[in-house]
file final-v9.cif (mmCIF, C-alpha atoms)
data_upload
loop_
_atom_site.label_atom_id
_atom_site.label_comp_id
_atom_site.auth_asym_id
_atom_site.auth_seq_id
_atom_site.Cartn_x
_atom_site.Cartn_y
_atom_site.Cartn_z
CA MET A 1 17.27 35.83 -11.47
CA SER A 2 20.54 33.94 -11.65
CA THR A 3 21.87 35.93 -8.68
CA THR A 4 19.18 34.29 -6.55
CA ARG A 5 20.70 30.90 -7.23
CA ARG A 6 24.22 32.14 -6.60
CA VAL A 7 23.19 33.70 -3.29
CA ASP A 8 21.30 30.60 -2.12
CA PRO A 9 22.43 27.64 -4.21
CA GLY A 10 20.71 25.06 -1.98
CA ARG A 11 17.31 26.68 -2.26
CA ARG A 12 15.86 24.31 -4.85
CA ASP A 13 16.91 21.25 -2.84
CA ARG A 14 15.56 22.79 0.31
CA ILE A 15 12.18 23.35 -1.33
CA LEU A 16 12.05 19.69 -2.39
CA ALA A 17 12.95 18.46 1.10
CA ALA A 18 10.41 20.83 2.64
CA THR A 19 7.73 19.54 0.24
CA LEU A 20 8.14 16.03 1.65
CA ASP A 21 7.99 17.41 5.21
CA VAL A 22 4.74 19.21 4.42
CA VAL A 23 3.30 16.09 2.73
CA ALA A 24 4.22 14.04 5.81
CA GLU A 25 2.51 16.52 8.11
CA HIS A 26 -0.50 17.71 6.07
CA GLY A 27 -0.88 15.16 3.28
CA VAL A 28 -0.84 15.92 -0.44
CA ALA A 29 -4.27 17.53 -0.05
CA GLY A 30 -2.92 20.00 2.51
CA THR A 31 0.28 20.83 0.62
CA SER A 32 0.30 24.39 -0.68
CA HIS A 33 2.99 26.68 -2.08
CA ARG A 34 2.57 28.82 0.99
CA ARG A 35 3.20 25.97 3.44
CA VAL A 36 6.18 24.65 1.50
CA ALA A 37 7.74 28.12 1.23
CA ALA A 38 7.35 28.60 4.98
CA ALA A 39 8.84 25.16 5.75
CA ALA A 40 11.78 25.78 3.38
CA ASP A 41 12.22 29.32 4.71
CA VAL A 42 12.14 30.83 1.22
CA PRO A 43 10.04 33.70 -0.15
CA LEU A 44 6.76 32.54 -1.70
CA GLY A 45 7.85 34.02 -5.05
CA SER A 46 10.84 31.70 -5.32
CA MET A 47 8.49 28.70 -5.50
CA THR A 48 7.26 29.72 -8.94
CA TYR A 49 10.79 30.60 -10.00
CA HIS A 50 12.03 27.08 -9.28
CA PHE A 51 8.92 24.99 -10.00
CA ASP A 52 6.30 25.01 -12.67
CA GLY A 53 3.33 24.58 -10.32
CA MET A 54 2.26 22.11 -7.64
CA GLU A 55 2.17 19.06 -9.89
CA SER A 56 5.79 19.41 -10.96
CA LEU A 57 6.85 20.17 -7.38
CA LEU A 58 5.12 17.04 -6.02
CA HIS A 59 6.37 15.00 -8.96
CA GLU A 60 9.98 15.92 -8.37
CA ALA A 61 9.79 15.63 -4.57
CA PHE A 62 8.22 12.14 -4.69
CA SER A 63 10.67 11.05 -7.43
CA ARG A 64 13.56 12.04 -5.23
CA PHE A 65 12.06 10.21 -2.26
CA ALA A 66 11.65 7.03 -4.35
CA GLU A 67 15.19 7.31 -5.71
CA GLU A 68 16.62 7.59 -2.21
CA SER A 69 14.68 4.52 -1.15
CA SER A 70 16.01 2.59 -4.17
CA ALA A 71 19.55 3.66 -3.32
CA GLN A 72 19.28 2.15 0.18
CA PHE A 73 17.86 -0.98 -1.36
CA ARG A 74 20.73 -1.17 -3.85
CA ALA A 75 23.34 -0.60 -1.15
CA ARG A 76 22.12 -3.73 0.65
CA LEU A 77 22.22 -5.92 -2.46
CA ASP A 78 25.45 -4.49 -3.88
CA ALA A 79 27.17 -5.76 -0.77
CA ALA A 80 26.02 -9.33 -1.55
CA SER A 81 28.26 -11.58 -3.64
CA SER A 82 26.49 -14.94 -3.42
CA PRO A 83 22.87 -16.18 -3.46
CA GLN A 84 23.12 -16.73 0.31
CA GLU A 85 24.25 -13.15 0.85
CA ALA A 86 21.53 -11.86 -1.48
CA ARG A 87 18.97 -13.81 0.58
CA ALA A 88 20.36 -12.21 3.75
CA ALA A 89 20.24 -8.79 2.07
CA ALA A 90 16.55 -9.30 1.20
CA LEU A 91 15.85 -9.99 4.88
CA GLN A 92 17.87 -6.91 5.87
CA ILE A 93 15.78 -4.83 3.48
CA ILE A 94 12.63 -6.03 5.26
CA GLY A 95 14.27 -5.00 8.54
CA ASP A 96 15.24 -1.59 7.12
CA LEU A 97 11.69 -0.98 5.93
CA ASP A 98 10.20 -2.15 9.24
CA ALA A 99 12.46 0.31 11.02
CA ALA A 100 11.53 3.20 8.72
CA THR A 101 10.11 6.28 10.37
CA THR A 102 6.41 7.11 10.41
CA ARG A 103 7.36 10.05 8.18
CA SER A 104 8.70 7.74 5.51
CA LEU A 105 5.74 5.36 5.83
CA VAL A 106 3.26 8.22 5.49
CA ILE A 107 5.08 9.73 2.48
CA THR A 108 5.08 6.32 0.78
CA HIS A 109 1.34 5.92 1.31
CA GLU A 110 0.65 9.49 0.20
CA LEU A 111 2.50 8.72 -3.04
CA TYR A 112 0.60 5.45 -3.55
CA THR A 113 -2.72 7.20 -2.97
CA LEU A 114 -1.81 9.98 -5.38
CA ALA A 115 -0.69 7.49 -8.05
CA ALA A 116 -3.87 5.43 -7.49
CA ARG A 117 -5.90 8.58 -8.16
CA GLU A 118 -3.85 10.12 -10.93
CA PRO A 119 -2.04 8.12 -13.62
CA ALA A 120 0.26 11.14 -14.19
CA TYR A 121 2.17 10.09 -11.08
CA ARG A 122 2.45 6.41 -11.98
CA ASP A 123 5.75 6.90 -13.79
CA ILE A 124 7.24 7.49 -10.32
CA THR A 125 5.91 4.23 -8.87
CA HIS A 126 6.69 2.37 -12.10
CA ASP A 127 10.30 3.61 -12.12
CA TRP A 128 10.66 2.84 -8.41
CA MET A 129 9.55 -0.78 -8.88
CA ALA A 130 11.62 -1.17 -12.05
CA ARG A 131 14.77 0.05 -10.28
CA ASP A 132 14.25 -2.27 -7.32
CA ARG A 133 13.53 -5.22 -9.58
CA ALA A 134 16.68 -4.46 -11.56
CA THR A 135 18.62 -4.47 -8.30
CA PHE A 136 17.26 -7.93 -7.44
CA ALA A 137 17.86 -9.07 -11.02
CA ARG A 138 21.62 -8.95 -10.48
CA HIS A 139 21.11 -11.98 -8.25
CA PHE A 140 17.82 -13.58 -9.34
CA ASP A 141 15.74 -14.22 -12.47
CA ASP A 142 13.01 -11.76 -13.49
CA THR A 143 10.05 -13.68 -12.02
CA THR A 144 11.87 -14.15 -8.72
CA SER A 145 12.83 -10.46 -8.64
CA ARG A 146 9.22 -9.39 -9.19
CA LEU A 147 7.89 -11.79 -6.57
CA LEU A 148 10.50 -10.86 -3.99
CA ASN A 149 9.72 -7.19 -4.52
CA ALA A 150 5.96 -7.83 -4.19
CA LEU A 151 6.32 -10.07 -1.14
CA ILE A 152 8.55 -7.55 0.66
CA GLU A 153 6.05 -4.78 -0.12
CA GLY A 154 3.16 -6.85 1.25
CA ILE A 155 5.00 -8.01 4.37
CA VAL A 156 6.17 -4.52 5.30
CA LEU A 157 2.83 -2.89 4.49
CA HIS A 158 0.87 -5.43 6.54
CA ARG A 159 3.26 -5.17 9.45
CA ALA A 160 3.11 -1.37 9.50
CA LEU A 161 -0.70 -1.51 9.65
CA GLU A 162 -0.79 -4.33 12.22
CA THR A 163 -1.33 -4.00 15.95
CA GLU A 164 0.23 -7.33 16.92
CA PRO A 165 3.90 -8.15 17.49
CA HIS A 166 6.21 -9.18 14.69
CA ASP A 167 7.30 -12.77 13.99
CA PRO A 168 10.52 -12.72 11.91
CA SER A 169 10.27 -16.45 11.13
CA VAL A 170 7.45 -15.61 8.71
CA ASP A 171 9.75 -13.29 6.72
CA ILE A 172 12.44 -15.96 6.55
CA ALA A 173 9.94 -18.57 5.37
CA GLY A 174 8.60 -16.15 2.74
CA VAL A 175 11.96 -15.20 1.28
CA ASP A 176 13.06 -18.85 1.27
CA ARG A 177 9.92 -20.00 -0.51
CA ILE A 178 10.21 -17.31 -3.19
CA LEU A 179 13.88 -18.12 -3.70
CA ALA A 180 13.44 -21.89 -3.59
CA ASP A 181 12.62 -22.35 -7.28
CA THR A 182 15.68 -20.46 -8.43
CA HIS A 183 17.91 -23.17 -7.00
CA ARG A 184 16.10 -25.98 -8.74
CA PRO A 185 17.05 -27.11 -12.21
CA GLU A 186 13.43 -27.29 -13.39
CA ARG A 187 10.40 -25.14 -12.72
CA ARG A 188 7.61 -26.99 -10.92
CA ARG A 189 4.02 -26.69 -12.27
CA MET B 1 -35.80 11.63 17.35
CA SER B 2 -36.87 8.03 16.80
CA THR B 3 -39.43 9.19 14.23
CA THR B 4 -36.52 10.31 12.05
CA ARG B 5 -35.34 6.74 11.84
CA ARG B 6 -38.81 5.40 11.17
CA VAL B 7 -39.36 7.91 8.38
CA ASP B 8 -36.01 7.17 6.72
CA PRO B 9 -34.68 3.87 8.05
CA GLY B 10 -31.87 3.64 5.46
CA ARG B 11 -30.43 7.01 6.34
CA ARG B 12 -27.57 5.77 8.52
CA ASP B 13 -26.46 3.29 5.84
CA ARG B 14 -26.75 5.95 3.18
CA ILE B 15 -24.50 8.27 5.17
CA LEU B 16 -21.87 5.53 5.45
CA ALA B 17 -21.99 4.77 1.73
CA ALA B 18 -21.81 8.48 0.92
CA THR B 19 -18.80 8.86 3.21
CA LEU B 20 -16.88 6.36 1.07
CA ASP B 21 -17.97 8.18 -2.10
CA VAL B 22 -16.70 11.47 -0.70
CA VAL B 23 -13.42 9.85 0.43
CA ALA B 24 -12.97 8.42 -3.08
CA GLU B 25 -13.55 11.81 -4.66
CA HIS B 26 -11.96 14.25 -2.20
CA GLY B 27 -9.74 12.11 0.03
CA VAL B 28 -9.97 11.86 3.80
CA ALA B 29 -8.55 15.39 4.03
CA GLY B 30 -11.41 16.76 1.94
CA THR B 31 -14.17 14.82 3.70
CA SER B 32 -16.47 17.09 5.69
CA HIS B 33 -19.86 16.64 7.32
CA ARG B 34 -21.25 19.07 4.79
CA ARG B 35 -19.99 17.14 1.78
CA VAL B 36 -21.16 13.79 3.15
CA ALA B 37 -24.62 15.17 4.00
CA ALA B 38 -24.96 16.54 0.48
CA ALA B 39 -23.82 13.26 -1.10
CA ALA B 40 -26.21 11.24 1.12
CA ASP B 41 -29.00 13.74 0.51
CA VAL B 42 -29.68 14.16 4.25
CA PRO B 43 -29.92 17.33 6.34
CA LEU B 44 -26.61 18.37 7.87
CA GLY B 45 -28.14 18.01 11.34
CA SER B 46 -28.77 14.29 10.90
CA MET B 47 -25.01 13.68 10.64
CA THR B 48 -24.49 14.52 14.30
CA TYR B 49 -27.60 12.56 15.26
CA HIS B 50 -26.21 9.37 13.72
CA PHE B 51 -22.46 9.81 14.23
CA ASP B 52 -20.31 11.04 17.04
CA GLY B 53 -18.05 13.20 14.89
CA MET B 54 -15.82 12.72 11.86
CA GLU B 55 -13.53 10.12 13.43
CA SER B 56 -16.35 7.73 14.25
CA LEU B 57 -17.94 8.31 10.84
CA LEU B 58 -14.68 7.52 9.01
CA HIS B 59 -14.01 4.62 11.34
CA GLU B 60 -17.34 2.98 10.67
CA ALA B 61 -17.30 3.69 6.92
CA PHE B 62 -13.81 2.22 6.44
CA SER B 63 -14.67 -0.76 8.68
CA ARG B 64 -17.65 -1.53 6.52
CA PHE B 65 -15.55 -1.22 3.36
CA ALA B 66 -12.97 -3.65 4.77
CA GLU B 67 -15.66 -6.10 5.88
CA GLU B 68 -17.19 -6.12 2.40
CA SER B 69 -13.78 -6.80 0.89
CA SER B 70 -13.24 -9.70 3.32
CA ALA B 71 -16.65 -11.13 2.43
CA GLN B 72 -15.71 -11.29 -1.28
CA PHE B 73 -12.45 -12.91 -0.32
CA ARG B 74 -14.26 -15.49 1.83
CA ALA B 75 -16.79 -16.25 -0.89
CA ARG B 76 -13.94 -17.30 -3.19
CA LEU B 77 -12.31 -19.57 -0.61
CA ASP B 78 -15.53 -21.02 0.80
CA ALA B 79 -16.21 -22.42 -2.65
CA ALA B 80 -12.91 -24.36 -2.52
CA SER B 81 -12.91 -27.88 -1.11
CA SER B 82 -9.37 -29.06 -1.88
CA PRO B 83 -5.85 -27.55 -1.81
CA GLN B 84 -5.97 -27.32 -5.62
CA GLU B 85 -9.23 -25.40 -5.50
CA ALA B 86 -7.90 -23.16 -2.74
CA ARG B 87 -4.87 -22.41 -4.94
CA ALA B 88 -7.23 -21.53 -7.82
CA ALA B 89 -9.29 -19.36 -5.46
CA ALA B 90 -6.14 -17.45 -4.42
CA LEU B 91 -5.46 -16.71 -8.09
CA GLN B 92 -9.09 -15.65 -8.58
CA ILE B 93 -8.73 -13.25 -5.64
CA ILE B 94 -5.75 -11.64 -7.38
CA GLY B 95 -7.92 -11.33 -10.49
CA ASP B 96 -10.80 -9.82 -8.48
CA LEU B 97 -8.49 -7.25 -6.91
CA ASP B 98 -6.85 -6.43 -10.26
CA ALA B 99 -10.31 -5.81 -11.68
CA ALA B 100 -11.38 -3.61 -8.76
CA THR B 101 -12.53 -0.10 -9.62
CA THR B 102 -10.35 2.97 -9.19
CA ARG B 103 -12.84 3.98 -6.47
CA SER B 104 -12.07 0.88 -4.47
CA LEU B 105 -8.30 1.21 -5.03
CA VAL B 106 -8.35 4.83 -3.90
CA ILE B 107 -10.45 4.08 -0.79
CA THR B 108 -8.04 1.29 0.16
CA HIS B 109 -5.05 3.62 -0.15
CA GLU B 110 -6.84 6.40 1.73
CA LEU B 111 -7.42 3.93 4.59
CA TYR B 112 -3.80 2.76 4.56
CA THR B 113 -2.57 6.34 4.60
CA LEU B 114 -4.89 7.22 7.47
CA ALA B 115 -3.84 4.14 9.47
CA ALA B 116 -0.15 4.91 8.75
CA ARG B 117 -0.70 8.37 10.23
CA GLU B 118 -3.03 7.53 13.09
CA PRO B 119 -2.83 4.34 15.14
CA ALA B 120 -6.50 4.85 16.14
CA TYR B 121 -7.45 3.47 12.72
CA ARG B 122 -5.14 0.45 12.83
CA ASP B 123 -7.74 -1.77 14.42
CA ILE B 124 -9.52 -1.62 11.04
CA THR B 125 -6.48 -2.76 9.06
CA HIS B 126 -5.56 -5.28 11.77
CA ASP B 127 -9.05 -6.81 11.74
CA TRP B 128 -9.10 -6.83 7.95
CA MET B 129 -5.83 -8.77 7.73
CA ALA B 130 -6.85 -11.10 10.58
CA ARG B 131 -10.13 -11.96 8.84
CA ASP B 132 -8.44 -12.65 5.52
CA ARG B 133 -5.75 -14.76 7.18
CA ALA B 134 -8.44 -16.73 9.00
CA THR B 135 -10.12 -17.35 5.66
CA PHE B 136 -6.88 -18.73 4.23
CA ALA B 137 -6.28 -20.70 7.43
CA ARG B 138 -9.17 -23.01 6.61
CA HIS B 139 -6.96 -24.36 3.85
CA PHE B 140 -3.38 -23.55 4.85
CA ASP B 141 -1.15 -23.26 7.94
CA ASP B 142 -0.68 -19.89 9.67
CA THR B 143 2.67 -18.99 8.07
CA THR B 144 1.36 -19.86 4.61
CA SER B 145 -1.80 -17.83 5.23
CA ARG B 146 0.21 -14.77 6.29
CA LEU B 147 2.57 -15.08 3.33
CA LEU B 148 -0.20 -15.61 0.80
CA ASN B 149 -2.02 -12.57 2.15
CA ALA B 150 1.16 -10.45 1.99
CA LEU B 151 2.14 -11.66 -1.48
CA ILE B 152 -1.33 -10.97 -2.87
CA GLU B 153 -1.27 -7.47 -1.35
CA GLY B 154 2.13 -6.74 -2.87
CA ILE B 155 1.30 -8.15 -6.31
CA VAL B 156 -1.98 -6.24 -6.58
CA LEU B 157 -0.52 -3.02 -5.18
CA HIS B 158 2.46 -3.10 -7.55
CA ARG B 159 0.29 -3.90 -10.52
CA ALA B 160 -2.15 -1.08 -9.77
CA LEU B 161 0.75 1.39 -9.64
CA GLU B 162 2.48 -0.03 -12.73
CA THR B 163 2.38 1.33 -16.24
CA GLU B 164 3.38 -1.89 -18.01
CA PRO B 165 1.14 -4.79 -19.05
CA HIS B 166 0.36 -7.65 -16.72
CA ASP B 167 1.99 -11.09 -16.85
CA PRO B 168 -0.25 -13.63 -15.08
CA SER B 169 2.47 -16.28 -15.08
CA VAL B 170 4.20 -14.31 -12.32
CA ASP B 171 1.12 -14.61 -10.08
CA ILE B 172 0.92 -18.34 -10.69
CA ALA B 173 4.59 -18.79 -9.88
CA GLY B 174 4.20 -16.71 -6.70
CA VAL B 175 1.18 -18.58 -5.35
CA ASP B 176 2.81 -21.93 -6.19
CA ARG B 177 6.05 -21.03 -4.45
CA ILE B 178 4.26 -19.85 -1.30
CA LEU B 179 2.11 -22.98 -1.27
CA ALA B 180 4.94 -25.36 -2.16
CA ASP B 181 6.18 -25.94 1.38
CA THR B 182 2.76 -26.87 2.67
CA HIS B 183 2.73 -29.95 0.47
CA ARG B 184 6.11 -31.13 1.63
CA PRO B 185 6.48 -33.39 4.65
CA GLU B 186 9.47 -31.43 5.96
CA ARG B 187 10.25 -27.74 6.03
CA ARG B 188 13.41 -26.82 4.12
CA ARG B 189 15.99 -24.54 5.76
#
call {"tool": "encode", "arguments": {"input": "final-v9.cif", "output": "structure tokens"}}
result
Amino acid sequence: MSTTRRVDPGRRDRILAATLDVVAEHGVAGTSHRRVAAAADVPLGSMTYHFDGMESLLHEAFSRFAEESSAQFRARLDAASSPQEARAAALQIIGDLDAATTRSLVITHELYTLAAREPAYRDITHDWMARDRATFARHFDDTTSRLLNALIEGIVLHRALETEPHDPSVDIAGVDRILADTHRPERRR
Amino acid sequence: MSTTRRVDPGRRDRILAATLDVVAEHGVAGTSHRRVAAAADVPLGSMTYHFDGMESLLHEAFSRFAEESSAQFRARLDAASSPQEARAAALQIIGDLDAATTRSLVITHELYTLAAREPAYRDITHDWMARDRATFARHFDDTTSRLLNALIEGIVLHRALETEPHDPSVDIAGVDRILADTHRPERRR
């Protein structure tokens, strides 16, 4: 068995990448070992060698997808060294997400639908949100980090499912309103 | 043909309701005329009498689902007669959505996934958002209405896909920050 890995060391990664391609094309419901093996160009038997069934395959593929998204997120905010730059980074993140491919949008929604149906996948969405909040928390307090994360999710989701053109002044107003309190000495009630 | 309708006048409605039940259980990918007919307890042939194929069936079923959601939304805000009451209504809407059934959460995500994949369904999500924004716009300006709608979407979506307990103070802070500007004479930059 170990010779398989030596001969084709990238096989496991290729299966994970192919899983996301198949999910993007056919949905979770249409994702089978057979389709993933064909997309990854590996023998069907190697699927069961590398993965313990469909649930662990989907779990790992979606986890990887979410981690890559968090890494892009973090790259934007790591480059910021002041509240003003962190504000600009939040707006850039909205722009990044708006510019995401249909593939990425569809995979995100497939994951949300799966996690809505099956709590066994909610550790992926939980960890994703926790990582992104932690990234914001280098610059902002916990409440602000949660709200910024939620607002960005809502703005990008609504825009992706809209048919009308995009008004960036709304994003700027939203980020500024969420950040406003953090610059005030006392919290308003 | 018209006798069919006279004999069973609720049949068309029952098919639409059954479509949502089947989507909740099997997903859009697993929704077939056969399954819907069985769930609605109608002969398979009456599906094609009432609906012009799967796309128009799904389109009408999801449209109805979205309209019912907007009506609940509107009922909350119609009861408000001051900015303070509208603020309270926004928080109640978050509570309503948090308390929604798994069925309703799954149907919402199935619709979002479908609209992410196929622009032909985006008129449903567009109309849904436009209605809810118009409901907010009786109390708030357009930017505030868009932001409130987006923030509520993000908060509820994140919470539904979370594994940790819920802190309502975050919702209150979010709604207050989005509404804050509308009570100020001048817009901050």
call {"tool": "atom_distance", "arguments": {"input": "final-v9.cif", "atom1": "atom CA of Arg122 of chain A", "atom2": "atom CA of Gln92 of chain B"}}
result
25.1 Å
call {"tool": "residues_around", "arguments": {"input": "final-v9.cif", "residues": "Asp41 of chain A", "least_positions_apart": "6", "cutoff": "9 Å", "atoms": "only C-alpha atoms", "output": "MDAnalysis selection string"}}
result
chainID A and resid 14:15 18
call {"tool": "residues_around", "arguments": {"input": "final-v9.cif", "residues": "segment 124-127 of chain B", "least_positions_apart": "6", "cutoff": "9 Å", "atoms": "only C-alpha atoms", "output": "mmCIF file with C-alpha atoms, in the coordinates of the input"}}
result
data_model
loop_
_atom_site.group_PDB
_atom_site.id
_atom_site.type_symbol
_atom_site.label_atom_id
_atom_site.label_comp_id
_atom_site.auth_asym_id
_atom_site.auth_seq_id
_atom_site.Cartn_x
_atom_site.Cartn_y
_atom_site.Cartn_z
ATOM 1 C CA HIS A 158 0.870 -5.430 6.540
ATOM 2 C CA LEU A 161 -0.700 -1.510 9.650
ATOM 3 C CA GLU A 162 -0.790 -4.330 12.220
ATOM 4 C CA THR A 163 -1.330 -4.000 15.950
ATOM 5 C CA GLU A 164 0.230 -7.330 16.920
ATOM 6 C CA HIS B 59 -14.010 4.620 11.340
ATOM 7 C CA PHE B 62 -13.810 2.220 6.440
ATOM 8 C CA SER B 63 -14.670 -0.760 8.680
ATOM 9 C CA ALA B 66 -12.970 -3.650 4.770
ATOM 10 C CA GLU B 67 -15.660 -6.100 5.880
ATOM 11 C CA LEU B 111 -7.420 3.930 4.590
ATOM 12 C CA TYR B 112 -3.800 2.760 4.560
ATOM 13 C CA ALA B 115 -3.840 4.140 9.470
#
call {"tool": "interface_residues", "arguments": {"input": "final-v9.cif", "of": "chain A", "to": "chain B", "cutoff": "6 Å", "atoms": "all atoms listed in the file", "output": "JSON, numbers by chain"}}
result
{"A": [106, 109, 113, 116, 122, 125, 126, 143, 150, 151, 153, 154, 155, 161, 162, 170, 177, 178]}
call {"tool": "resolve_selection", "arguments": {"input": "final-v9.cif", "expression": "the PyMOL selection byres ((chain A and resi 49-58) around 10)", "output": "ChimeraX atom specification"}}
result
/A:1,4-5,11-13,15-16,19-20,23,28,31-33,36,44-48,59-64,111,114,120-121
call {"tool": "closest_residue", "arguments": {"input": "final-v9.cif", "among": "B:Arg131, B:Pro9, B:Pro168, B:Ser145", "to": "Ile94 of chain B", "atoms": "only C-alpha atoms"}}
result
B:Pro168
call {"tool": "residues_around", "arguments": {"input": "final-v9.cif", "residues": "segment 69-78 of chain A", "least_positions_apart": "6", "cutoff": "9 Å", "atoms": "all atoms listed in the file", "output": "MDAnalysis selection string"}}
result
chainID A and resid 85:86 89:90 92:93 96 128:129 131:132 135:136 138:139
call {"tool": "atom_distance", "arguments": {"input": "final-v9.cif", "atom1": "atom CA of Asp141 of chain A", "atom2": "atom CA of Asp98 of chain B"}}
result
24.0 Å
call {"tool": "decode", "arguments": {"input": "final-v9.cif", "residues": "segment 128-154 of chain B", "atoms": "C-alpha atoms", "output": "PDB file, in the first residue's frame"}}
result
ATOM      1  CA  TRP B 128     -37.356  38.652  -1.497  1.00  0.00           C
ATOM      2  CA  MET B 129     -34.629  41.137  -0.550  1.00  0.00           C
ATOM      3  CA  ALA B 130     -36.430  44.022  -2.275  1.00  0.00           C
ATOM      4  CA  ARG B 131     -39.637  43.313  -0.347  1.00  0.00           C
ATOM      5  CA  ASP B 132     -37.837  43.113   2.989  1.00  0.00           C
ATOM      6  CA  ARG B 133     -35.887  46.297   2.274  1.00  0.00           C
ATOM      7  CA  ALA B 134     -39.129  48.055   1.347  1.00  0.00           C
ATOM      8  CA  THR B 135     -40.579  46.939   4.669  1.00  0.00           C
ATOM      9  CA  PHE B 136     -37.626  48.458   6.523  1.00  0.00           C
ATOM     10  CA  ALA B 137     -37.818  51.559   4.331  1.00  0.00           C
ATOM     11  CA  ARG B 138     -41.076  52.584   5.972  1.00  0.00           C
ATOM     12  CA  HIS B 139     -38.980  53.326   9.038  1.00  0.00           C
ATOM     13  CA  PHE B 140     -35.422  53.875   7.801  1.00  0.00           C
ATOM     14  CA  ASP B 141     -33.503  55.330   4.844  1.00  0.00           C
ATOM     15  CA  ASP B 142     -32.426  53.092   1.951  1.00  0.00           C
ATOM     16  CA  THR B 143     -28.821  52.539   3.080  1.00  0.00           C
ATOM     17  CA  THR B 144     -29.952  51.692   6.605  1.00  0.00           C
ATOM     18  CA  SER B 145     -32.600  49.310   5.251  1.00  0.00           C
ATOM     19  CA  ARG B 146     -30.045  47.475   3.100  1.00  0.00           C
ATOM     20  CA  LEU B 147     -27.543  47.248   5.948  1.00  0.00           C
ATOM     21  CA  LEU B 148     -30.099  46.083   8.488  1.00  0.00           C
ATOM     22  CA  ASN B 149     -31.284  43.412   6.069  1.00  0.00           C
ATOM     23  CA  ALA B 150     -27.703  42.266   5.400  1.00  0.00           C
ATOM     24  CA  LEU B 151     -26.699  42.294   9.070  1.00  0.00           C
ATOM     25  CA  ILE B 152     -29.752  40.279  10.088  1.00  0.00           C
ATOM     26  CA  GLU B 153     -29.033  37.742   7.336  1.00  0.00           C
ATOM     27  CA  GLY B 154     -25.422  37.383   8.455  1.00  0.00           C
TER      28      GLY B 154
END
